[in-house]
Amino acid sequence: MNKTSLIQTLDSSVIDQIAAGEVVERPAHLVKELIENSLDAGASSIEVQFAEGGLYVSVKDNGRGISPKELSLALSRHATSKIRQSSDLFSIQTYGFRGEALASIAGVSHLTLRSKSKESDQAYSVKSQFGKTLKVETTGGEAGTTVVVDRLFENVPARLRFLKSESVENLAIKNVITAQALSRPEVSFRVIHKGRLLFFWPAVSSYLKRAEMILSKPLHHHVYTKAPWSVELILAPPNRTAKSSKKMWFFVNGRSVEDKILYGAVMSAHRNLLMHGEYPIVVLHVTSPPAEVDVNIHPTKTQIRFLSQSRVFQLVQGTVRELLEKAPWLDLLHSESSDVSSKASSAEVKPEQTSFNPLLSTHKPSSKRLKVSSPLKGFDFTENSPKDIEKSTLEKTSYVVKNSETSSTVEKPEQLTSDILKNNFSSLKVLAQAHQTYLVTESSKSIVLIDQHAAHERILFEKFMSQLKNLEKQKHLIPLKIGLDPAEVKAVLSMKAEFQSLGIDLKSSKSTEISVLASPPFIKEKAIAVAIQQLAEGHIHHGEEFTAEKVVSEISATFACHSAIRAGQTLSLSEMKSLLSQMDEFAFSSFCPHGRPVFVEYPFSRIEREFGRIC
């Protein structure tokens, strides 16, 4: 027998490199592990220095430190102060617990560990050269611990070749540090790159204040608690979006994680508010009982598993949606408008300085709802819908709304501000219709162009969704049969109650077919078949109970799009005013159901600069 086929124990250097490949896939992971060690040590101040894309890293903290007799032990594999027995894995309340990080890093670098415990009068250090630990020596230093990593992966050339460019690795390191700073606002962070200060985030008292430091305002805050769970949400307005999901930060019990359940819940809550390729800017902190979360999934500890995924999905999705529906950016508009109104009484400020703000120009829904006619009356959702129906029903579904411009006198500036907030769109003065597509309107400081189709589309969508579950259903003379594979049939049947709440009755007579017995009369059979197929696939692949709601909202958006007034359709002045009035009733009137903006604003100051009237 060939000797190479014999089972044998691997050399310690090989073991170190294998472990390092799991724990330290790239320099950013190294930085994460070292920062988490500092946080577990009770540090209130952390300084990170790095260069060469993370091939050199230094992390210094003011934590409790390590005693000299434990310095060498700290570089040993599976040596940790975080857990003692296997049962501890199900109630982990620290960042680290595997006892692998320092040993793995030391195996692929030159590492210096310097520390001074609060009980010691002297600092001590120990060095490791690619896994070979040298003796402990005395050194100078303040209380706390410093870890210096140099020549990373020099003994693993293959790993060096797989690293990205220096700029890409630098960005990954910055993202890791940012995540750690967002998770621990009570800790100050100083970040230095090649001797130059990049960031300094002093300790603050709340998640919101730290997020405002890092992500800048405006940000909106909401907390939902249902003991023993809680969700703390920090969110940018819907018009401030990112081009990737890199600005979505998720934390579970203080740990930065990457989780598809949390991601899916946040994106589901933003349904019909984002365009394709847009992502919200969000910081989400979930607090749960430790026993409800398994963090022992991957050596990098960025992946977790919830005991009840559906509960977490509902909790997060509902919290995000609740904040969005409150439209808190209106409060900022109120304060800005009040400031302008109060200043308008002075000689230095002109009344026309009040502007129509595209970011904040949605109306917060009143607790006292106006009575409106059904959004389905006058609409035919079939392919042969008469073209003149869309135009005629625009005024049928209008509201009687008082326009603030008709008020003859206003005793106090605050009353004027209040009227504008209540009727923000209807306060605009209609000038004309351009290209039979855009309403040309005027505020006191700007020209506002409104996409008539997008605006009406949002109105119809909101009305349709609000009355969807109260719609009558119609039995099919001949059941609609939809062919599916057995797994899809099982998934659809598991959501039978959800379909019934949407007016769709179904059953299965065999393992490869679903029969639809009844459905709302205005939904096409083809749309039902497509929706059921999508729901089955979503349930199988994602297991999200809100998949049904997501698909239904997409169908509703399609119905609204096909029923709204069209681009190229002439509107009368009364129809245009009616459209503006209806927009005031919904918090999301700034966006069509597909996430497109409903309007754009051109300030007079910009127009005057274009004409050379001002510099």
# chains A, B, ... in the order shown; residues from 1 in each chain; ligands from 1
>>> select_by_dssp(residues="range 190-230 of chain A", states="alpha helix (DSSP H)", output="ChimeraX atom specification")
/A:207-215
>>> residues_around(residues="range 47-54 of chain A", least_positions_apart="6", cutoff="6 Å", atoms="only C-alpha atoms", output="list in words")
Pro27, Lys60, Glu166, Glu169, Asn170, Phe189, Arg190, Val191, Ile192, His193 and Lys194 of chain A
>>> closest_residue(among="A:Pro185, A:Gly131, A:Pro280, A:Pro486", to="Ser45 in chain A", atoms="only C-alpha atoms")
A:Pro185
>>> atom_distance(atom1="CA of Pro157 in chain A", atom2="CA of Tyr56 in chain A")
15.9 Å
>>> residues_around(residues="range 463-473 of chain A", least_positions_apart="5", cutoff="9 Å", atoms="only C-alpha atoms", output="ChimeraX atom specification")
/A:374-376,458,501-505,518-521,552-553,556,559-560
>>> residues_around(residues="Ser120 in chain A", least_positions_apart="5", cutoff="9 Å", atoms="only C-alpha atoms", output="list in words")
Ser67, Pro68 and Ala143 of chain A
>>> residues_around(residues="Gly277 in chain A", least_positions_apart="5", cutoff="12 Å", atoms="only C-alpha atoms", output="count of residues only")
9
>>> atom_distance(atom1="CA of Val147 in chain A", atom2="CA of Leu111 in chain A")
7.1 Å
>>> closest_residue(among="A:Glu100, A:Glu70, A:Asp150, A:Glu585", to="Ser115 in chain A", atoms="only C-alpha atoms")
A:Glu70
>>> atom_distance(atom1="CA of Pro237 in chain A", atom2="CA of Ser206 in chain A")
19.7 Å
>>> residues_around(residues="Val204 in chain A", least_positions_apart="2", cutoff="9 Å", atoms="only C-alpha atoms", output="PyMOL selection string")
chain A and resi 185-188+201-202+206-207+209-210
>>> closest_residue(among="A:His453, A:Arg240, A:His285, A:Lys507", to="Phe599 in chain A", atoms="only C-alpha atoms")
A:His453
>>> decode(residues="range 222-255 of chain A", atoms="N, CA and C atoms", output="JSON list (two decimals), in the first residue's frame")
[["chain", "number", "residue", "atom", "x", "y", "z"],
["A", 222, "HIS", "N", -37.92, 54.12, 14.92],
["A", 222, "HIS", "CA", -39.14, 53.48, 15.41],
["A", 222, "HIS", "C", -38.76, 52.24, 16.20],
["A", 223, "VAL", "N", -39.42, 52.02, 17.34],
["A", 223, "VAL", "CA", -39.16, 50.87, 18.18],
["A", 223, "VAL", "C", -40.46, 50.12, 18.40],
["A", 224, "TYR", "N", -40.42, 48.81, 18.19],
["A", 224, "TYR", "CA", -41.58, 47.97, 18.48],
["A", 224, "TYR", "C", -41.14, 46.88, 19.45],
["A", 225, "THR", "N", -41.89, 46.68, 20.50],
["A", 225, "THR", "CA", -41.54, 45.69, 21.51],
["A", 225, "THR", "C", -42.73, 44.77, 21.76],
["A", 226, "LYS", "N", -42.45, 43.50, 21.72],
["A", 226, "LYS", "CA", -43.41, 42.47, 22.09],
["A", 226, "LYS", "C", -42.63, 41.43, 22.87],
["A", 227, "ALA", "N", -42.54, 41.66, 24.18],
["A", 227, "ALA", "CA", -41.66, 40.88, 25.05],
["A", 227, "ALA", "C", -41.79, 39.37, 24.77],
["A", 228, "PRO", "N", -40.65, 38.68, 24.71],
["A", 228, "PRO", "CA", -39.28, 39.17, 24.99],
["A", 228, "PRO", "C", -38.55, 39.67, 23.74],
["A", 229, "TRP", "N", -39.28, 39.94, 22.66],
["A", 229, "TRP", "CA", -38.67, 40.42, 21.42],
["A", 229, "TRP", "C", -38.80, 41.94, 21.32],
["A", 230, "SER", "N", -37.85, 42.55, 20.60],
["A", 230, "SER", "CA", -37.98, 43.97, 20.27],
["A", 230, "SER", "C", -37.24, 44.24, 18.97],
["A", 231, "VAL", "N", -37.73, 45.23, 18.26],
["A", 231, "VAL", "CA", -37.13, 45.65, 16.98],
["A", 231, "VAL", "C", -36.92, 47.15, 17.05],
["A", 232, "GLU", "N", -35.70, 47.60, 16.87],
["A", 232, "GLU", "CA", -35.39, 49.03, 16.80],
["A", 232, "GLU", "C", -34.95, 49.33, 15.37],
["A", 233, "LEU", "N", -35.66, 50.24, 14.74],
["A", 233, "LEU", "CA", -35.48, 50.51, 13.32],
["A", 233, "LEU", "C", -35.03, 51.94, 13.10],
["A", 234, "ILE", "N", -34.02, 52.10, 12.26],
["A", 234, "ILE", "CA", -33.56, 53.42, 11.81],
["A", 234, "ILE", "C", -33.58, 53.39, 10.29],
["A", 235, "LEU", "N", -34.29, 54.35, 9.70],
["A", 235, "LEU", "CA", -34.60, 54.26, 8.27],
["A", 235, "LEU", "C", -34.48, 55.61, 7.60],
["A", 236, "ALA", "N", -33.90, 55.63, 6.41],
["A", 236, "ALA", "CA", -33.86, 56.85, 5.60],
["A", 236, "ALA", "C", -35.17, 56.99, 4.84],
["A", 237, "PRO", "N", -35.56, 58.21, 4.45],
["A", 237, "PRO", "CA", -36.80, 58.39, 3.68],
["A", 237, "PRO", "C", -36.76, 57.60, 2.37],
["A", 238, "PRO", "N", -37.91, 57.24, 1.83],
["A", 238, "PRO", "CA", -37.96, 56.39, 0.64],
["A", 238, "PRO", "C", -37.28, 56.98, -0.60],
["A", 239, "ASN", "N", -37.06, 58.31, -0.61],
["A", 239, "ASN", "CA", -36.40, 58.88, -1.79],
["A", 239, "ASN", "C", -34.87, 58.85, -1.66],
["A", 240, "ARG", "N", -34.38, 58.48, -0.47],
["A", 240, "ARG", "CA", -32.93, 58.29, -0.28],
["A", 240, "ARG", "C", -32.65, 56.80, -0.30],
["A", 241, "THR", "N", -32.19, 56.33, -1.45],
["A", 241, "THR", "CA", -31.97, 54.89, -1.61],
["A", 241, "THR", "C", -30.52, 54.64, -2.02],
["A", 242, "ALA", "N", -30.13, 53.37, -1.96],
["A", 242, "ALA", "CA", -28.80, 52.95, -2.37],
["A", 242, "ALA", "C", -28.92, 52.07, -3.61],
["A", 243, "LYS", "N", -27.82, 51.94, -4.33],
["A", 243, "LYS", "CA", -27.81, 51.13, -5.54],
["A", 243, "LYS", "C", -27.45, 49.67, -5.26],
["A", 244, "SER", "N", -27.17, 49.36, -4.01],
["A", 244, "SER", "CA", -26.91, 47.98, -3.62],
["A", 244, "SER", "C", -27.41, 47.79, -2.20],
["A", 245, "SER", "N", -27.36, 46.56, -1.72],
["A", 245, "SER", "CA", -27.84, 46.26, -0.37],
["A", 245, "SER", "C", -26.77, 46.53, 0.69],
["A", 246, "LYS", "N", -25.67, 47.14, 0.32],
["A", 246, "LYS", "CA", -24.57, 47.39, 1.27],
["A", 246, "LYS", "C", -24.95, 48.39, 2.35],
["A", 247, "LYS", "N", -26.02, 49.16, 2.13],
["A", 247, "LYS", "CA", -26.44, 50.12, 3.15],
["A", 247, "LYS", "C", -27.60, 49.58, 4.00],
["A", 248, "MET", "N", -27.75, 48.26, 4.00],
["A", 248, "MET", "CA", -28.72, 47.61, 4.86],
["A", 248, "MET", "C", -27.94, 46.89, 5.95],
["A", 249, "TRP", "N", -28.09, 47.35, 7.19],
["A", 249, "TRP", "CA", -27.31, 46.84, 8.31],
["A", 249, "TRP", "C", -28.23, 46.09, 9.25],
["A", 250, "PHE", "N", -27.93, 44.82, 9.51],
["A", 250, "PHE", "CA", -28.77, 43.98, 10.36],
["A", 250, "PHE", "C", -27.98, 43.52, 11.59],
["A", 251, "PHE", "N", -28.62, 43.63, 12.75],
["A", 251, "PHE", "CA", -28.00, 43.22, 14.01],
["A", 251, "PHE", "C", -28.99, 42.39, 14.82],
["A", 252, "VAL", "N", -28.51, 41.29, 15.33],
["A", 252, "VAL", "CA", -29.33, 40.44, 16.19],
["A", 252, "VAL", "C", -28.61, 40.27, 17.51],
["A", 253, "ASN", "N", -29.22, 40.75, 18.57],
["A", 253, "ASN", "CA", -28.60, 40.75, 19.90],
["A", 253, "ASN", "C", -27.21, 41.39, 19.87],
["A", 254, "GLY", "N", -27.11, 42.48, 19.10],
["A", 254, "GLY", "CA", -25.87, 43.24, 19.03],
["A", 254, "GLY", "C", -24.87, 42.70, 18.03],
["A", 255, "ARG", "N", -25.14, 41.56, 17.41],
["A", 255, "ARG", "CA", -24.20, 40.93, 16.48],
["A", 255, "ARG", "C", -24.55, 41.32, 15.05]]
